[in-house]
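Visitor: Submitted below is the structure of interest, expressed as structure tokens.
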Amino acid sequence: MVREPASEIPVVILAGGDLVDLQGRLQPKACVTVAGQSMLAHVVALYTAQGFRRFTVCSGSGHDQVARVADVVRESPAVARGHDLDLGVLFTGDQAGTARRIREAIQLWPQARTVAVSYVDIISNVDLTAVRETHDKERVTATLTAVNLPTRFKPLGVNLFTARVRGLANKPITEDTLVSGGFYFIDRERLSAAVPEWSEHDSFEQDTLPSLAAAASLAYHKHDGYWQPIDSGRDVRTAEGFLSPRG
């Protein structure tokens with residue numbers, strides 16, 4: 001089977017969550033600004049830098065705001081990188097689960113064999129080509145990107161038989177615990193066979209992925225680089241420190 005070029009693989013961006021107040025106003029996470037760009041722009045730029053050109057943004061609350069930000073992203077030279085982007089916004093309801101949103105978006109790309117899926121609230125330098133290579137090699141229904149469980153607290157090293165602290169870890173990372181970092185690749189035909197019916201509130205994370213794991217049809221690719229979810233003002237500042245030019 002001929003491998004699809006990245007430019008022909010549609011990217012589904014999940015942006016249908018609740019409105020958040022991280023910058024003094026309620027807005028969708030897609031519209032939150034980090035280092036001068038919207039979160040939607042950051043996620044799309046990650047993909048366009050690695051050859052992807054087709055995008056469907058699944059919106060919910062704040063759909064009109066997401067659509068306006070998408071217009072800006074579509075015309076941004078820094079994001080488009082000299083290419084025309086096929087970037088649309090699909091309103092998938094205020095209360096739909098992530099599985100339902102993905103299913104509706106996939107139906108817009110009936111010719112695609114492989115579909116990429118991402119959240120709109122993550123800053124990362126993940127190597128998407130490497131994730132896809134793992135997906136193709138394993139021949140599974142879906143492959144997720146696995147990252148070390150992050151924490152802003154530094155673990156303590158303690159002596160078991162005294163009340164003395166040996167030291168504090170240099171990095172606030174739990175090295176031996178992996179969590180899903182998003183950035184999925186999905187085999188469309190296998191997914192349709194594995195999950196023929198999707199209810200309105202099905203969660204891709206809580207319902208679909210466990211069933212695929214139980215069927216030995218879920219793989220992972222370990223990402224050891226930068227990964228930062230944007231859930232608070234602290235997260236925004238942390239990501240801006242990573243994105244700022246190094247002097």
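In the structure tokens, chains take the letters A, B, ... in the order shown, each chain's residues start at 1, and ligands count up from 1 in the order shown.
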With a cut-off of 9 Å, could you pull out the residues of stretch 52-116 of chain A touching stretch 24-44 of chain A and give me the nearest pair of atoms for each, distance in Å to one decimal, using only C-alpha atoms, ordered by chain and ascending number, as JSON lines?

Guide:
```
{"residue": "A:Phe52", "atom": "CA", "partner": "A:Val44", "partner_atom": "CA", "distance": 8.6}
{"residue": "A:Arg53", "atom": "CA", "partner": "A:Val44", "partner_atom": "CA", "distance": 8.8}
{"residue": "A:Phe55", "atom": "CA", "partner": "A:Val44", "partner_atom": "CA", "distance": 8.0}
{"residue": "A:Val57", "atom": "CA", "partner": "A:Leu40", "partner_atom": "CA", "distance": 8.8}
{"residue": "A:Ser59", "atom": "CA", "partner": "A:Pro28", "partner_atom": "CA", "distance": 8.8}
{"residue": "A:Gly60", "atom": "CA", "partner": "A:Pro28", "partner_atom": "CA", "distance": 8.7}
{"residue": "A:Ser61", "atom": "CA", "partner": "A:Pro28", "partner_atom": "CA", "distance": 7.0}
{"residue": "A:Gly62", "atom": "CA", "partner": "A:Pro28", "partner_atom": "CA", "distance": 5.9}
{"residue": "A:His63", "atom": "CA", "partner": "A:Pro28", "partner_atom": "CA", "distance": 8.2}
{"residue": "A:Gln65", "atom": "CA", "partner": "A:Cys31", "partner_atom": "CA", "distance": 7.2}
{"residue": "A:Val66", "atom": "CA", "partner": "A:Ala30", "partner_atom": "CA", "distance": 6.4}
{"residue": "A:Val69", "atom": "CA", "partner": "A:Cys31", "partner_atom": "CA", "distance": 6.5}
{"residue": "A:Ala70", "atom": "CA", "partner": "A:Leu40", "partner_atom": "CA", "distance": 7.4}
{"residue": "A:Val72", "atom": "CA", "partner": "A:Ala41", "partner_atom": "CA", "distance": 8.5}
{"residue": "A:Val73", "atom": "CA", "partner": "A:Ala41", "partner_atom": "CA", "distance": 5.5}
{"residue": "A:Arg74", "atom": "CA", "partner": "A:Ala41", "partner_atom": "CA", "distance": 8.8}
{"residue": "A:Ser76", "atom": "CA", "partner": "A:Ala41", "partner_atom": "CA", "distance": 8.5}
{"residue": "A:Val79", "atom": "CA", "partner": "A:Ala41", "partner_atom": "CA", "distance": 6.6}
{"residue": "A:Ala80", "atom": "CA", "partner": "A:Val44", "partner_atom": "CA", "distance": 8.5}
```

Visitor: Selection from above, N, CA, C and O atoms, as a PDB file, in the first residue's frame, can you write it?

Guide:
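Final file, selection00.pdb:
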```
ATOM      1  N   PHE A  52       1.754  18.930   6.890  1.00  0.00           N
ATOM      2  CA  PHE A  52       0.300  18.763   6.877  1.00  0.00           C
ATOM      3  C   PHE A  52      -0.373  20.027   6.365  1.00  0.00           C
ATOM      4  O   PHE A  52       0.078  21.140   6.632  1.00  0.00           O
ATOM      5  N   ARG A  53      -1.474  19.865   5.640  1.00  0.00           N
ATOM      6  CA  ARG A  53      -2.123  21.010   5.005  1.00  0.00           C
ATOM      7  C   ARG A  53      -3.645  21.022   5.192  1.00  0.00           C
ATOM      8  O   ARG A  53      -4.282  22.020   4.894  1.00  0.00           O
ATOM      9  N   PHE A  55      -7.067  20.640   7.571  1.00  0.00           N
ATOM     10  CA  PHE A  55      -7.458  20.745   8.976  1.00  0.00           C
ATOM     11  C   PHE A  55      -8.972  20.935   9.119  1.00  0.00           C
ATOM     12  O   PHE A  55      -9.581  21.691   8.360  1.00  0.00           O
ATOM     13  N   VAL A  57     -11.324  21.973  12.430  1.00  0.00           N
ATOM     14  CA  VAL A  57     -11.358  22.366  13.831  1.00  0.00           C
ATOM     15  C   VAL A  57     -12.758  22.088  14.353  1.00  0.00           C
ATOM     16  O   VAL A  57     -13.736  22.645  13.849  1.00  0.00           O
ATOM     17  N   SER A  59     -15.456  22.730  16.840  1.00  0.00           N
ATOM     18  CA  SER A  59     -15.762  23.765  17.818  1.00  0.00           C
ATOM     19  C   SER A  59     -17.021  23.422  18.602  1.00  0.00           C
ATOM     20  O   SER A  59     -17.796  22.537  18.224  1.00  0.00           O
ATOM     21  N   GLY A  60     -17.217  24.152  19.693  1.00  0.00           N
ATOM     22  CA  GLY A  60     -18.408  24.010  20.513  1.00  0.00           C
ATOM     23  C   GLY A  60     -18.789  25.373  21.043  1.00  0.00           C
ATOM     24  O   GLY A  60     -19.132  26.272  20.271  1.00  0.00           O
ATOM     25  N   SER A  61     -18.683  25.560  22.360  1.00  0.00           N
ATOM     26  CA  SER A  61     -18.939  26.875  22.942  1.00  0.00           C
ATOM     27  C   SER A  61     -17.973  27.898  22.361  1.00  0.00           C
ATOM     28  O   SER A  61     -16.784  27.614  22.189  1.00  0.00           O
ATOM     29  N   GLY A  62     -18.474  29.078  22.045  1.00  0.00           N
ATOM     30  CA  GLY A  62     -17.610  30.101  21.462  1.00  0.00           C
ATOM     31  C   GLY A  62     -17.261  29.845  20.012  1.00  0.00           C
ATOM     32  O   GLY A  62     -16.205  30.270  19.540  1.00  0.00           O
ATOM     33  N   HIS A  63     -18.166  29.169  19.287  1.00  0.00           N
ATOM     34  CA  HIS A  63     -17.885  28.823  17.884  1.00  0.00           C
ATOM     35  C   HIS A  63     -17.506  30.045  17.055  1.00  0.00           C
ATOM     36  O   HIS A  63     -16.548  29.994  16.267  1.00  0.00           O
ATOM     37  N   GLN A  65     -16.099  32.818  17.910  1.00  0.00           N
ATOM     38  CA  GLN A  65     -14.745  33.266  18.242  1.00  0.00           C
ATOM     39  C   GLN A  65     -13.694  32.365  17.597  1.00  0.00           C
ATOM     40  O   GLN A  65     -12.687  32.838  17.076  1.00  0.00           O
ATOM     41  N   VAL A  66     -13.955  31.069  17.647  1.00  0.00           N
ATOM     42  CA  VAL A  66     -13.013  30.124  17.019  1.00  0.00           C
ATOM     43  C   VAL A  66     -12.953  30.363  15.518  1.00  0.00           C
ATOM     44  O   VAL A  66     -11.871  30.340  14.914  1.00  0.00           O
ATOM     45  N   VAL A  69     -10.774  33.385  14.767  1.00  0.00           N
ATOM     46  CA  VAL A  69      -9.352  33.068  14.941  1.00  0.00           C
ATOM     47  C   VAL A  69      -8.860  32.197  13.790  1.00  0.00           C
ATOM     48  O   VAL A  69      -7.737  32.367  13.302  1.00  0.00           O
ATOM     49  N   ALA A  70      -9.695  31.270  13.333  1.00  0.00           N
ATOM     50  CA  ALA A  70      -9.315  30.414  12.211  1.00  0.00           C
ATOM     51  C   ALA A  70      -9.072  31.241  10.951  1.00  0.00           C
ATOM     52  O   ALA A  70      -8.170  30.931  10.156  1.00  0.00           O
ATOM     53  N   VAL A  72      -7.835  34.207  10.843  1.00  0.00           N
ATOM     54  CA  VAL A  72      -6.506  34.804  11.017  1.00  0.00           C
ATOM     55  C   VAL A  72      -5.422  33.767  10.760  1.00  0.00           C
ATOM     56  O   VAL A  72      -4.425  34.033  10.078  1.00  0.00           O
ATOM     57  N   VAL A  73      -5.609  32.576  11.300  1.00  0.00           N
ATOM     58  CA  VAL A  73      -4.626  31.507  11.126  1.00  0.00           C
ATOM     59  C   VAL A  73      -4.464  31.152   9.652  1.00  0.00           C
ATOM     60  O   VAL A  73      -3.342  30.971   9.153  1.00  0.00           O
ATOM     61  N   ARG A  74      -5.571  31.087   8.944  1.00  0.00           N
ATOM     62  CA  ARG A  74      -5.561  30.700   7.532  1.00  0.00           C
ATOM     63  C   ARG A  74      -4.719  31.658   6.688  1.00  0.00           C
ATOM     64  O   ARG A  74      -4.095  31.267   5.700  1.00  0.00           O
ATOM     65  N   SER A  76      -2.186  33.576   7.886  1.00  0.00           N
ATOM     66  CA  SER A  76      -0.909  33.890   8.526  1.00  0.00           C
ATOM     67  C   SER A  76       0.259  33.263   7.773  1.00  0.00           C
ATOM     68  O   SER A  76       0.351  32.038   7.679  1.00  0.00           O
ATOM     69  N   VAL A  79       2.224  30.658   9.742  1.00  0.00           N
ATOM     70  CA  VAL A  79       1.577  29.361   9.948  1.00  0.00           C
ATOM     71  C   VAL A  79       1.473  28.591   8.639  1.00  0.00           C
ATOM     72  O   VAL A  79       1.782  27.398   8.572  1.00  0.00           O
ATOM     73  N   ALA A  80       1.048  29.272   7.573  1.00  0.00           N
ATOM     74  CA  ALA A  80       0.833  28.596   6.288  1.00  0.00           C
ATOM     75  C   ALA A  80       2.130  28.192   5.610  1.00  0.00           C
ATOM     76  O   ALA A  80       2.158  27.258   4.810  1.00  0.00           O
TER      77      ALA A  80
END
```

Visitor: If you count only C-alpha atoms, which residues fall within 12 Å of A:Ala213, apart from same-chain ones fewer than 3 positions away, as an mmCIF file with N, CA, C and O atoms, in the first residue's frame?

Guide:
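Result file is selection02.cif:
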```cif
data_model
loop_
_atom_site.group_PDB
_atom_site.id
_atom_site.type_symbol
_atom_site.label_atom_id
_atom_site.label_comp_id
_atom_site.auth_asym_id
_atom_site.auth_seq_id
_atom_site.Cartn_x
_atom_site.Cartn_y
_atom_site.Cartn_z
ATOM 1 N N VAL A 140 -2.052 -0.731 13.879
ATOM 2 C CA VAL A 140 -3.114 -0.737 14.874
ATOM 3 C C VAL A 140 -4.211 0.238 14.460
ATOM 4 O O VAL A 140 -4.094 0.959 13.469
ATOM 5 N N THR A 141 -5.272 0.273 15.252
ATOM 6 C CA THR A 141 -6.353 1.217 14.971
ATOM 7 C C THR A 141 -5.935 2.647 15.283
ATOM 8 O O THR A 141 -6.222 3.572 14.520
ATOM 9 N N ALA A 142 -5.238 2.832 16.406
ATOM 10 C CA ALA A 142 -4.824 4.184 16.797
ATOM 11 C C ALA A 142 -3.491 4.138 17.512
ATOM 12 O O ALA A 142 -3.148 3.148 18.172
ATOM 13 N N THR A 143 -2.750 5.226 17.373
ATOM 14 C CA THR A 143 -1.486 5.398 18.086
ATOM 15 C C THR A 143 -1.514 6.741 18.781
ATOM 16 O O THR A 143 -1.860 7.760 18.170
ATOM 17 N N LEU A 144 -1.168 6.747 20.059
ATOM 18 C CA LEU A 144 -1.123 7.999 20.804
ATOM 19 C C LEU A 144 0.314 8.372 21.125
ATOM 20 O O LEU A 144 1.219 7.537 21.083
ATOM 21 N N ALA A 194 -14.039 -1.114 14.582
ATOM 22 C CA ALA A 194 -13.934 -1.326 16.024
ATOM 23 C C ALA A 194 -15.037 -0.614 16.787
ATOM 24 O O ALA A 194 -15.505 -1.096 17.828
ATOM 25 N N GLU A 205 -11.233 9.551 24.967
ATOM 26 C CA GLU A 205 -10.231 9.165 25.963
ATOM 27 C C GLU A 205 -10.762 8.110 26.938
ATOM 28 O O GLU A 205 -10.041 7.163 27.283
ATOM 29 N N GLN A 206 -12.011 8.266 27.378
ATOM 30 C CA GLN A 206 -12.548 7.390 28.411
ATOM 31 C C GLN A 206 -13.277 6.165 27.865
ATOM 32 O O GLN A 206 -13.389 5.153 28.562
ATOM 33 N N ASP A 207 -13.770 6.250 26.658
ATOM 34 C CA ASP A 207 -14.550 5.148 26.082
ATOM 35 C C ASP A 207 -13.816 4.445 24.940
ATOM 36 O O ASP A 207 -13.640 3.221 24.958
ATOM 37 N N THR A 208 -13.382 5.200 23.934
ATOM 38 C CA THR A 208 -12.793 4.588 22.739
ATOM 39 C C THR A 208 -11.422 3.991 23.006
ATOM 40 O O THR A 208 -11.155 2.828 22.666
ATOM 41 N N LEU A 209 -10.512 4.765 23.588
ATOM 42 C CA LEU A 209 -9.144 4.278 23.766
ATOM 43 C C LEU A 209 -9.064 3.035 24.658
ATOM 44 O O LEU A 209 -8.331 2.093 24.321
ATOM 45 N N PRO A 210 -9.783 2.968 25.788
ATOM 46 C CA PRO A 210 -9.724 1.731 26.579
ATOM 47 C C PRO A 210 -10.212 0.510 25.810
ATOM 48 O O PRO A 210 -9.657 -0.585 25.966
ATOM 49 N N ALA A 216 -6.035 -4.901 21.968
ATOM 50 C CA ALA A 216 -4.632 -4.893 21.520
ATOM 51 C C ALA A 216 -4.470 -4.144 20.209
ATOM 52 O O ALA A 216 -3.674 -4.526 19.353
ATOM 53 N N SER A 217 -5.228 -3.051 20.053
ATOM 54 C CA SER A 217 -5.169 -2.282 18.820
ATOM 55 C C SER A 217 -4.859 -0.809 19.068
ATOM 56 O O SER A 217 -5.237 0.058 18.295
ATOM 57 N N LEU A 218 -4.166 -0.542 20.178
ATOM 58 C CA LEU A 218 -3.738 0.809 20.522
ATOM 59 C C LEU A 218 -2.246 0.797 20.795
ATOM 60 O O LEU A 218 -1.770 0.029 21.639
ATOM 61 N N ALA A 219 -1.503 1.626 20.077
ATOM 62 C CA ALA A 219 -0.059 1.704 20.258
ATOM 63 C C ALA A 219 0.305 3.079 20.816
ATOM 64 O O ALA A 219 -0.516 3.992 20.860
ATOM 65 N N TYR A 220 1.563 3.214 21.249
ATOM 66 C CA TYR A 220 2.032 4.513 21.720
ATOM 67 C C TYR A 220 3.423 4.810 21.168
ATOM 68 O O TYR A 220 4.198 3.910 20.854
#
```

Visitor: Could you name the residues that touch A:Glu133 at 12 Å or less, counting only C-alpha atoms, but leaving out those on the same chain fewer than 2 positions away, as a PyMOL selection string?

Guide: chain A and resi 3-4+6+114+127-131+135-140+143-145+184-185+219-221

Visitor: Which one is closest to A:Gly182: A:Gln111, A:Gln228, A:Thr92, A:Thr134? Count only C-alpha atoms.

Guide: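 Comparing A:Gln111, A:Gln228, A:Thr92, A:Thr134 against A:Gly182, the winner is A:Gln228.
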
Visitor: Using DSSP on the backbone coordinates, identify all residues within stretch 11-235 of chain A classified as alpha helix (DSSP H); present the result as a ChimeraX atom specification.

Guide: /A:39-48,63-74,77-80,98-106,128-138,188-194,209-214,233-235

Visitor: Give me the residues within 12 Å of A:Pro10 as a PDB file with N, CA and C atoms, in the first residue's frame, counting only C-alpha atoms and dropping any in the same chain fewer than 3 places off.

Guide:
```pdb
ATOM      1  N   GLU A   4       0.454   7.482   2.353  1.00  0.00           N
ATOM      2  CA  GLU A   4      -0.081   8.814   2.088  1.00  0.00           C
ATOM      3  C   GLU A   4       0.933   9.881   2.496  1.00  0.00           C
ATOM      4  N   PRO A   5       1.129  10.905   1.670  1.00  0.00           N
ATOM      5  CA  PRO A   5       1.952  12.027   2.114  1.00  0.00           C
ATOM      6  C   PRO A   5       1.231  12.793   3.208  1.00  0.00           C
ATOM      7  N   ALA A   6       1.989  13.464   4.045  1.00  0.00           N
ATOM      8  CA  ALA A   6       1.391  14.217   5.149  1.00  0.00           C
ATOM      9  C   ALA A   6       0.380  15.235   4.646  1.00  0.00           C
ATOM     10  N   SER A   7       0.616  15.790   3.465  1.00  0.00           N
ATOM     11  CA  SER A   7      -0.278  16.822   2.932  1.00  0.00           C
ATOM     12  C   SER A   7      -1.675  16.295   2.636  1.00  0.00           C
ATOM     13  N   ILE A  13      -8.691  18.876  14.868  1.00  0.00           N
ATOM     14  CA  ILE A  13      -8.273  19.593  16.075  1.00  0.00           C
ATOM     15  C   ILE A  13      -9.485  19.768  16.982  1.00  0.00           C
ATOM     16  N   VAL A  44      -1.726  24.450  14.641  1.00  0.00           N
ATOM     17  CA  VAL A  44      -1.675  24.324  13.183  1.00  0.00           C
ATOM     18  C   VAL A  44      -0.242  24.480  12.682  1.00  0.00           C
ATOM     19  N   TYR A  47       1.847  21.352  12.830  1.00  0.00           N
ATOM     20  CA  TYR A  47       1.549  20.404  11.756  1.00  0.00           C
ATOM     21  C   TYR A  47       2.044  20.896  10.399  1.00  0.00           C
ATOM     22  N   THR A  48       1.848  22.175  10.084  1.00  0.00           N
ATOM     23  CA  THR A  48       2.280  22.658   8.770  1.00  0.00           C
ATOM     24  C   THR A  48       3.798  22.592   8.632  1.00  0.00           C
ATOM     25  N   GLY A  51       4.538  19.274   7.167  1.00  0.00           N
ATOM     26  CA  GLY A  51       3.980  18.882   5.882  1.00  0.00           C
ATOM     27  C   GLY A  51       2.482  18.734   5.793  1.00  0.00           C
ATOM     28  N   PHE A  52       1.754  18.930   6.890  1.00  0.00           N
ATOM     29  CA  PHE A  52       0.300  18.763   6.877  1.00  0.00           C
ATOM     30  C   PHE A  52      -0.373  20.027   6.365  1.00  0.00           C
ATOM     31  N   ARG A  53      -1.474  19.865   5.640  1.00  0.00           N
ATOM     32  CA  ARG A  53      -2.123  21.010   5.005  1.00  0.00           C
ATOM     33  C   ARG A  53      -3.645  21.022   5.192  1.00  0.00           C
ATOM     34  N   ARG A  54      -4.240  19.933   5.664  1.00  0.00           N
ATOM     35  CA  ARG A  54      -5.699  19.826   5.741  1.00  0.00           C
ATOM     36  C   ARG A  54      -6.135  19.778   7.203  1.00  0.00           C
ATOM     37  N   PHE A  55      -7.067  20.640   7.571  1.00  0.00           N
ATOM     38  CA  PHE A  55      -7.458  20.745   8.976  1.00  0.00           C
ATOM     39  C   PHE A  55      -8.972  20.935   9.119  1.00  0.00           C
ATOM     40  N   THR A  56      -9.543  20.263  10.104  1.00  0.00           N
ATOM     41  CA  THR A  56     -10.907  20.522  10.546  1.00  0.00           C
ATOM     42  C   THR A  56     -10.858  20.805  12.039  1.00  0.00           C
ATOM     43  N   VAL A  57     -11.324  21.973  12.430  1.00  0.00           N
ATOM     44  CA  VAL A  57     -11.358  22.366  13.831  1.00  0.00           C
ATOM     45  C   VAL A  57     -12.758  22.088  14.353  1.00  0.00           C
ATOM     46  N   LEU A  85      -3.810  26.626   2.947  1.00  0.00           N
ATOM     47  CA  LEU A  85      -4.313  25.697   3.945  1.00  0.00           C
ATOM     48  C   LEU A  85      -5.784  25.415   3.713  1.00  0.00           C
ATOM     49  N   ASP A  86      -6.144  24.161   3.775  1.00  0.00           N
ATOM     50  CA  ASP A  86      -7.543  23.766   3.769  1.00  0.00           C
ATOM     51  C   ASP A  86      -7.944  23.651   5.233  1.00  0.00           C
ATOM     52  N   LEU A  87      -8.439  24.746   5.791  1.00  0.00           N
ATOM     53  CA  LEU A  87      -8.720  24.806   7.217  1.00  0.00           C
ATOM     54  C   LEU A  87     -10.162  25.246   7.426  1.00  0.00           C
ATOM     55  N   GLY A  88     -10.990  24.344   7.946  1.00  0.00           N
ATOM     56  CA  GLY A  88     -12.387  24.652   8.190  1.00  0.00           C
ATOM     57  C   GLY A  88     -12.741  24.479   9.647  1.00  0.00           C
ATOM     58  N   ILE A 102     -14.912  13.732  16.809  1.00  0.00           N
ATOM     59  CA  ILE A 102     -13.973  13.121  15.867  1.00  0.00           C
ATOM     60  C   ILE A 102     -14.729  12.415  14.746  1.00  0.00           C
ATOM     61  N   ALA A 105     -16.064  14.893  12.228  1.00  0.00           N
ATOM     62  CA  ALA A 105     -15.006  15.501  11.419  1.00  0.00           C
ATOM     63  C   ALA A 105     -14.465  14.524  10.380  1.00  0.00           C
ATOM     64  N   ILE A 106     -14.287  13.275  10.778  1.00  0.00           N
ATOM     65  CA  ILE A 106     -13.758  12.268   9.861  1.00  0.00           C
ATOM     66  C   ILE A 106     -14.659  12.097   8.646  1.00  0.00           C
ATOM     67  N   GLN A 107     -15.954  12.244   8.845  1.00  0.00           N
ATOM     68  CA  GLN A 107     -16.889  12.075   7.739  1.00  0.00           C
ATOM     69  C   GLN A 107     -16.700  13.130   6.650  1.00  0.00           C
ATOM     70  N   LEU A 108     -16.025  14.218   6.966  1.00  0.00           N
ATOM     71  CA  LEU A 108     -15.749  15.241   5.958  1.00  0.00           C
ATOM     72  C   LEU A 108     -14.615  14.837   5.019  1.00  0.00           C
ATOM     73  N   TRP A 109     -13.874  13.790   5.382  1.00  0.00           N
ATOM     74  CA  TRP A 109     -12.707  13.355   4.594  1.00  0.00           C
ATOM     75  C   TRP A 109     -12.869  11.889   4.215  1.00  0.00           C
ATOM     76  N   PRO A 110     -13.834  11.558   3.369  1.00  0.00           N
ATOM     77  CA  PRO A 110     -14.151  10.147   3.082  1.00  0.00           C
ATOM     78  C   PRO A 110     -13.044   9.387   2.366  1.00  0.00           C
ATOM     79  N   GLN A 111     -12.123  10.086   1.730  1.00  0.00           N
ATOM     80  CA  GLN A 111     -11.060   9.403   0.994  1.00  0.00           C
ATOM     81  C   GLN A 111      -9.825   9.124   1.845  1.00  0.00           C
ATOM     82  N   ALA A 112      -9.771   9.675   3.047  1.00  0.00           N
ATOM     83  CA  ALA A 112      -8.564   9.544   3.866  1.00  0.00           C
ATOM     84  C   ALA A 112      -8.492   8.172   4.521  1.00  0.00           C
ATOM     85  N   ARG A 113      -7.329   7.529   4.442  1.00  0.00           N
ATOM     86  CA  ARG A 113      -7.108   6.276   5.148  1.00  0.00           C
ATOM     87  C   ARG A 113      -6.615   6.529   6.571  1.00  0.00           C
ATOM     88  N   THR A 114      -5.764   7.532   6.698  1.00  0.00           N
ATOM     89  CA  THR A 114      -5.187   7.890   7.992  1.00  0.00           C
ATOM     90  C   THR A 114      -5.659   9.277   8.387  1.00  0.00           C
ATOM     91  N   VAL A 115      -5.989   9.449   9.652  1.00  0.00           N
ATOM     92  CA  VAL A 115      -6.420  10.740  10.171  1.00  0.00           C
ATOM     93  C   VAL A 115      -5.593  11.065  11.409  1.00  0.00           C
ATOM     94  N   ALA A 116      -5.142  12.313  11.507  1.00  0.00           N
ATOM     95  CA  ALA A 116      -4.448  12.780  12.709  1.00  0.00           C
ATOM     96  C   ALA A 116      -5.445  13.525  13.584  1.00  0.00           C
ATOM     97  N   VAL A 117      -5.265  13.415  14.888  1.00  0.00           N
ATOM     98  CA  VAL A 117      -6.147  14.103  15.832  1.00  0.00           C
ATOM     99  C   VAL A 117      -5.291  14.779  16.891  1.00  0.00           C
ATOM    100  N   SER A 118      -5.670  15.994  17.240  1.00  0.00           N
ATOM    101  CA  SER A 118      -4.926  16.740  18.258  1.00  0.00           C
ATOM    102  C   SER A 118      -5.886  17.566  19.086  1.00  0.00           C
ATOM    103  N   TYR A 184      -2.716  12.025  18.119  1.00  0.00           N
ATOM    104  CA  TYR A 184      -3.062  10.672  17.689  1.00  0.00           C
ATOM    105  C   TYR A 184      -2.969  10.528  16.173  1.00  0.00           C
ATOM    106  N   PHE A 185      -2.712   9.291  15.745  1.00  0.00           N
ATOM    107  CA  PHE A 185      -2.926   8.889  14.359  1.00  0.00           C
ATOM    108  C   PHE A 185      -3.901   7.718  14.386  1.00  0.00           C
ATOM    109  N   ILE A 186      -4.886   7.766  13.484  1.00  0.00           N
ATOM    110  CA  ILE A 186      -5.974   6.804  13.490  1.00  0.00           C
ATOM    111  C   ILE A 186      -6.136   6.187  12.102  1.00  0.00           C
ATOM    112  N   ASP A 187      -6.307   4.872  12.071  1.00  0.00           N
ATOM    113  CA  ASP A 187      -6.666   4.177  10.840  1.00  0.00           C
ATOM    114  C   ASP A 187      -8.173   4.239  10.706  1.00  0.00           C
ATOM    115  N   ARG A 188      -8.645   4.932   9.702  1.00  0.00           N
ATOM    116  CA  ARG A 188     -10.081   5.199   9.563  1.00  0.00           C
ATOM    117  C   ARG A 188     -10.910   3.923   9.448  1.00  0.00           C
TER     118      ARG A 188
END
```

Visitor: Atom CA of A:Ala214 and atom CA of A:Pro196, how far apart in Å?

Guide: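 Value for the atom CA of A:Pro196-atom CA of A:Ala214 distance: 16.3 Å.
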
Visitor: Compile the contact shell of A:Arg234 as a list in words: residues with an atom at most 12 Å away, counting only C-alpha atoms, same-chain residues fewer than 6 positions apart removed.

Guide: Leu22, Gln23, Val34, Arg152, Gln228, Glu240 and Gly241 of chain A

Visitor: I need the residue nearest A:Val120 from this list: A:Gly225, A:Asp231, A:Glu75, A:Arg81. Use only C-alpha atoms for the distance.

Guide: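 Among the listed residues, the smallest separation from A:Val120 belongs to A:Asp231.
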